[in-house]
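Here is the structure we will look at.
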Amino acid sequence: MPRTDLNAVAADARGTWAVGTVDGKGIALRLSGGRWSSTRIAGVRELTGVARGTNEIWAVGNRFSGEYSARGIIARQTGDGWRLLALHPAPLTTRGFVLSAVAVRDGDVWIVGSYDNTQGNNGPDDDGWLVARRHASRWQTWRGGFSDSLAAVSVVASDNVWAVGRTGVNIASEDEVAVHWDGSRWSYAMRSRAQDVRALNDVLALSRDDVWAVGEPRTEDVPSPAPVVEHWDGRRWTRVALAASLWPAIPRLTALAAFRRDDVWAGGDVNGRPALLHWNGSAWLRATPPPIAAPLADLAAARDGTLWAVGPGFVAHSACRTT
């Protein structure tokens with residue numbers, strides 16, 4: 001039986017959803033009433049993000065027409081099965097675009113990824129980050145940056161949206177990037193700021209003055225690499241100091257979830273095993289991860305106090321403090 005590798009999870013009082021890939025096809029899992037069900041999405045190679053709206057589930061993913069050429073897809077589930085939607089206007093690209101994450105807030109759907117205009121071996125042409133918003137049943141798209149790609153998006157309000165990712169034409173030049181929507185335009189809030197950060201992988205906006213981001217450090221030529229946790233206080237981004245000695249190696253953080261402002265969780269991997277951190281309102285502490293030998297790809301905090309985690313070949317959950 002092929003292994004189901006899961007990339008993203010969403011949970012609320014109505015159920016838990018997880019998406020990923022199995023046997024080269026996109027798959028969506030649902031837990032409802034204590035039972036799991038699964039659906040393979042035709043024509044999709046992988047699903048990378050999932051979010052719940054008022055009466056529907058949204059997912060994004062990708063299909064590939066060649067080794068490099070890709071086409072991002074959007075899937076919507078309203079109770080009568082999954083349907084693929086077209087992103088229109090779609091970005092005009094040479095080699096396609098990929099979609100990484102989706103968020104839903106106040107009826108709007110926000111999607112992030114990147115587009116590729118690379119001309120074969122001739123180098124980059126006009127590739128960069130991509131954002132799409134579905135408002136009043138119509139899509140708007142924005143694109144920008146040079147060799148920038150976005151991995152995650154989080155929404156405070158219609159005039160306050162954060163997206164994070166990476167910038168750089170190769171591994172040696174990769175760095176963190178964050179962009180912000182103020183209701184009228186996107187602007188860079190962080191780009192090539194920290195020489196010891198390779199990328200930001202997730203962002204969680206709890207309010208206008210309380211935003212968390214996590215990522216992965218650069219370890220080459222860095223004297224004292226440390227886990228990447230950053231915080232926005234409404235005025236500026238600051239790096240949170242964490243003791244690297246807590247882990248056998250520096251963890252790569254990929255996921256964030258929160259029950260409250262003083263109950264935030266971050267997950268990822270360290271040497272191929274799960275890493276988990278907890279913010280208690282005053283400090284980030286190392287927490288006990290699921291007893292598995294695989295990285296954490298994503299986290300979700302359900303209102304009943306359950307913390308969900310997914311990754312390569314697993315779904316895990318634990319009852320966590322919420323009072």
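Please note that chains go A, B, ... in the order of the structure tokens, that every chain numbers its residues from 1, and that ligands are numbered from 1 in the order shown.
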- Item | Which of stretch 69-199 of chain A fall in strand (DSSP E or B), as JSON, numbers by chain | {"A": [70, 71, 72, 73, 74, 75, 76, 77, 82, 83, 84, 85, 96, 97, 98, 99, 100, 101, 102, 103, 104, 105, 108, 109, 110, 111, 112, 113, 114, 115, 116, 128, 129, 130, 131, 132, 133, 134, 135, 138, 139, 140, 141, 142, 143, 144, 148, 149, 150, 151, 152, 153, 154, 155, 156, 157, 160, 161, 162, 163, 164, 165, 166, 167, 175, 176, 177, 178, 179, 180, 181, 186, 187, 188, 189, 190, 191, 197, 198, 199]}
- Message: Quick one: residues within 9 Å of A:Gly144, only C-alpha atoms, excluding same-chain residues fewer than 3 positions away - as a PyMOL selection string?
- Response: chain A and resi 126-131+148+186
File dump, residues just selected, all heavy atoms, as a tab-separated table (two decimals), in the first residue's frame:
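Produced file selection06.tsv, reproduced below:
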```
chain	number	residue	atom	x	y	z
A	126	ASP	N	11.76	36.91	-15.18
A	126	ASP	CA	10.83	37.76	-14.42
A	126	ASP	C	10.02	36.91	-13.46
A	126	ASP	O	8.82	37.01	-13.40
A	126	ASP	CB	9.92	38.51	-15.40
A	126	ASP	CG	8.99	39.49	-14.67
A	126	ASP	OD1	9.39	39.98	-13.60
A	126	ASP	OD2	7.88	39.72	-15.15
A	127	ASP	N	10.71	36.05	-12.72
A	127	ASP	CA	9.99	35.15	-11.82
A	127	ASP	C	9.95	35.75	-10.42
A	127	ASP	O	10.79	36.53	-10.03
A	127	ASP	CB	10.63	33.77	-11.80
A	127	ASP	CG	12.11	33.82	-11.45
A	127	ASP	OD1	12.75	34.81	-11.82
A	127	ASP	OD2	12.59	32.88	-10.81
A	128	GLY	N	8.95	35.37	-9.65
A	128	GLY	CA	8.83	35.93	-8.30
A	128	GLY	C	7.61	35.40	-7.58
A	128	GLY	O	7.02	34.39	-7.96
A	129	TRP	N	7.22	36.13	-6.51
A	129	TRP	CA	6.10	35.66	-5.70
A	129	TRP	C	4.75	35.97	-6.35
A	129	TRP	O	4.64	36.89	-7.17
A	129	TRP	CB	6.15	36.23	-4.29
A	129	TRP	CG	6.20	37.73	-4.16
A	129	TRP	CD1	7.30	38.50	-3.90
A	129	TRP	CD2	5.09	38.65	-4.23
A	129	TRP	NE1	6.95	39.82	-3.81
A	129	TRP	CE2	5.60	39.95	-4.01
A	129	TRP	CE3	3.73	38.50	-4.47
A	129	TRP	CZ2	4.79	41.09	-4.01
A	129	TRP	CZ3	2.91	39.63	-4.47
A	129	TRP	CH2	3.45	40.90	-4.25
A	130	LEU	N	3.75	35.19	-5.94
A	130	LEU	CA	2.40	35.30	-6.48
A	130	LEU	C	1.40	35.27	-5.33
A	130	LEU	O	1.51	34.45	-4.43
A	130	LEU	CB	2.13	34.14	-7.45
A	130	LEU	CG	0.68	33.93	-7.91
A	130	LEU	CD1	0.24	35.08	-8.80
A	130	LEU	CD2	0.55	32.59	-8.63
A	131	VAL	N	0.43	36.18	-5.36
A	131	VAL	CA	-0.68	36.19	-4.41
A	131	VAL	C	-1.98	36.32	-5.18
A	131	VAL	O	-2.07	37.09	-6.15
A	131	VAL	CB	-0.56	37.35	-3.40
A	131	VAL	CG1	-1.79	37.40	-2.50
A	131	VAL	CG2	0.70	37.22	-2.55
A	148	ASP	N	11.76	35.47	-5.79
A	148	ASP	CA	11.10	35.33	-4.50
A	148	ASP	C	9.97	34.32	-4.62
A	148	ASP	O	9.28	34.27	-5.64
A	148	ASP	CB	10.49	36.66	-4.04
A	148	ASP	CG	11.53	37.74	-3.81
A	148	ASP	OD1	12.73	37.40	-3.81
A	148	ASP	OD2	11.14	38.90	-3.65
A	186	TRP	N	0.61	45.58	-1.84
A	186	TRP	CA	1.58	44.72	-1.19
A	186	TRP	C	2.92	45.44	-1.09
A	186	TRP	O	3.33	46.13	-2.02
A	186	TRP	CB	1.77	43.43	-1.98
A	186	TRP	CG	0.62	42.49	-1.87
A	186	TRP	CD1	-0.43	42.36	-2.74
A	186	TRP	CD2	0.39	41.53	-0.84
A	186	TRP	NE1	-1.30	41.40	-2.31
A	186	TRP	CE2	-0.82	40.86	-1.14
A	186	TRP	CE3	1.08	41.17	0.32
A	186	TRP	CZ2	-1.34	39.86	-0.33
A	186	TRP	CZ3	0.57	40.16	1.12
A	186	TRP	CH2	-0.63	39.53	0.80
```
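Using only C-alpha atoms, the smallest distance between any of A:Met190, A:Ala249, A:Asp116, A:Ala275 and A:Trp237 comes from A:Met190.
All residues of protein, DNA or RNA that reach within 12 Å of A:Ala293, judged by only C-alpha atoms and not counting those fewer than 5 positions away in the chain, are A:Asp269, A:Val270, A:Asn271, A:Gly272, A:Arg273, A:Pro274, A:Ala275, A:Gly311, A:Pro312, A:Gly313, A:Phe314.
Non-sequential neighbours of A:Arg286 (distance at most 7 Å, separation of 3 or more positions within a chain, only C-alpha atoms) are Leu276, Leu277 and His278 of chain A.
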- Find the residues around stretch 97-110 of chain A up to 7 Å (only C-alpha atoms counted), leave out those fewer than 4 positions away in its own chain, and share them as number ranges by chain. A: 48-53, 59-62, 70-72, 114-116, 132-135, 151-155
Quick one: write out the picked residues with C-alpha atoms as a PDB file, in the first residue's frame?
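Output (selection20.pdb):
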```pdb
ATOM      1  CA  THR A  48      -0.088  21.648  -0.409  1.00  0.00           C
ATOM      2  CA  GLY A  49      -2.549  23.724   1.638  1.00  0.00           C
ATOM      3  CA  VAL A  50      -6.030  23.507   3.155  1.00  0.00           C
ATOM      4  CA  ALA A  51      -8.354  25.953   4.936  1.00  0.00           C
ATOM      5  CA  ARG A  52     -11.992  25.997   6.020  1.00  0.00           C
ATOM      6  CA  GLY A  53     -14.455  28.653   4.980  1.00  0.00           C
ATOM      7  CA  ALA A  59      -7.299  23.439  -0.945  1.00  0.00           C
ATOM      8  CA  VAL A  60      -4.432  24.329  -3.241  1.00  0.00           C
ATOM      9  CA  GLY A  61      -1.906  22.146  -4.978  1.00  0.00           C
ATOM     10  CA  ASN A  62      -0.048  21.524  -8.196  1.00  0.00           C
ATOM     11  CA  ALA A  70       3.996  23.279 -13.138  1.00  0.00           C
ATOM     12  CA  ARG A  71       0.466  24.543 -12.908  1.00  0.00           C
ATOM     13  CA  GLY A  72      -1.091  25.506  -9.622  1.00  0.00           C
ATOM     14  CA  SER A 114       5.316  31.691  -7.081  1.00  0.00           C
ATOM     15  CA  TYR A 115       5.485  31.951 -10.857  1.00  0.00           C
ATOM     16  CA  ASP A 116       8.345  30.973 -13.154  1.00  0.00           C
ATOM     17  CA  ALA A 132      -4.319  35.690  -5.346  1.00  0.00           C
ATOM     18  CA  ARG A 133      -7.469  36.845  -3.544  1.00  0.00           C
ATOM     19  CA  ARG A 134     -11.023  35.684  -4.175  1.00  0.00           C
ATOM     20  CA  HIS A 135     -13.425  38.450  -3.183  1.00  0.00           C
ATOM     21  CA  ALA A 151       5.248  29.525   1.335  1.00  0.00           C
ATOM     22  CA  ALA A 152       2.544  30.674   3.773  1.00  0.00           C
ATOM     23  CA  VAL A 153      -0.174  33.275   4.294  1.00  0.00           C
ATOM     24  CA  SER A 154      -2.130  34.476   7.340  1.00  0.00           C
ATOM     25  CA  VAL A 155      -4.950  37.010   7.524  1.00  0.00           C
TER      26      VAL A 155
END
```
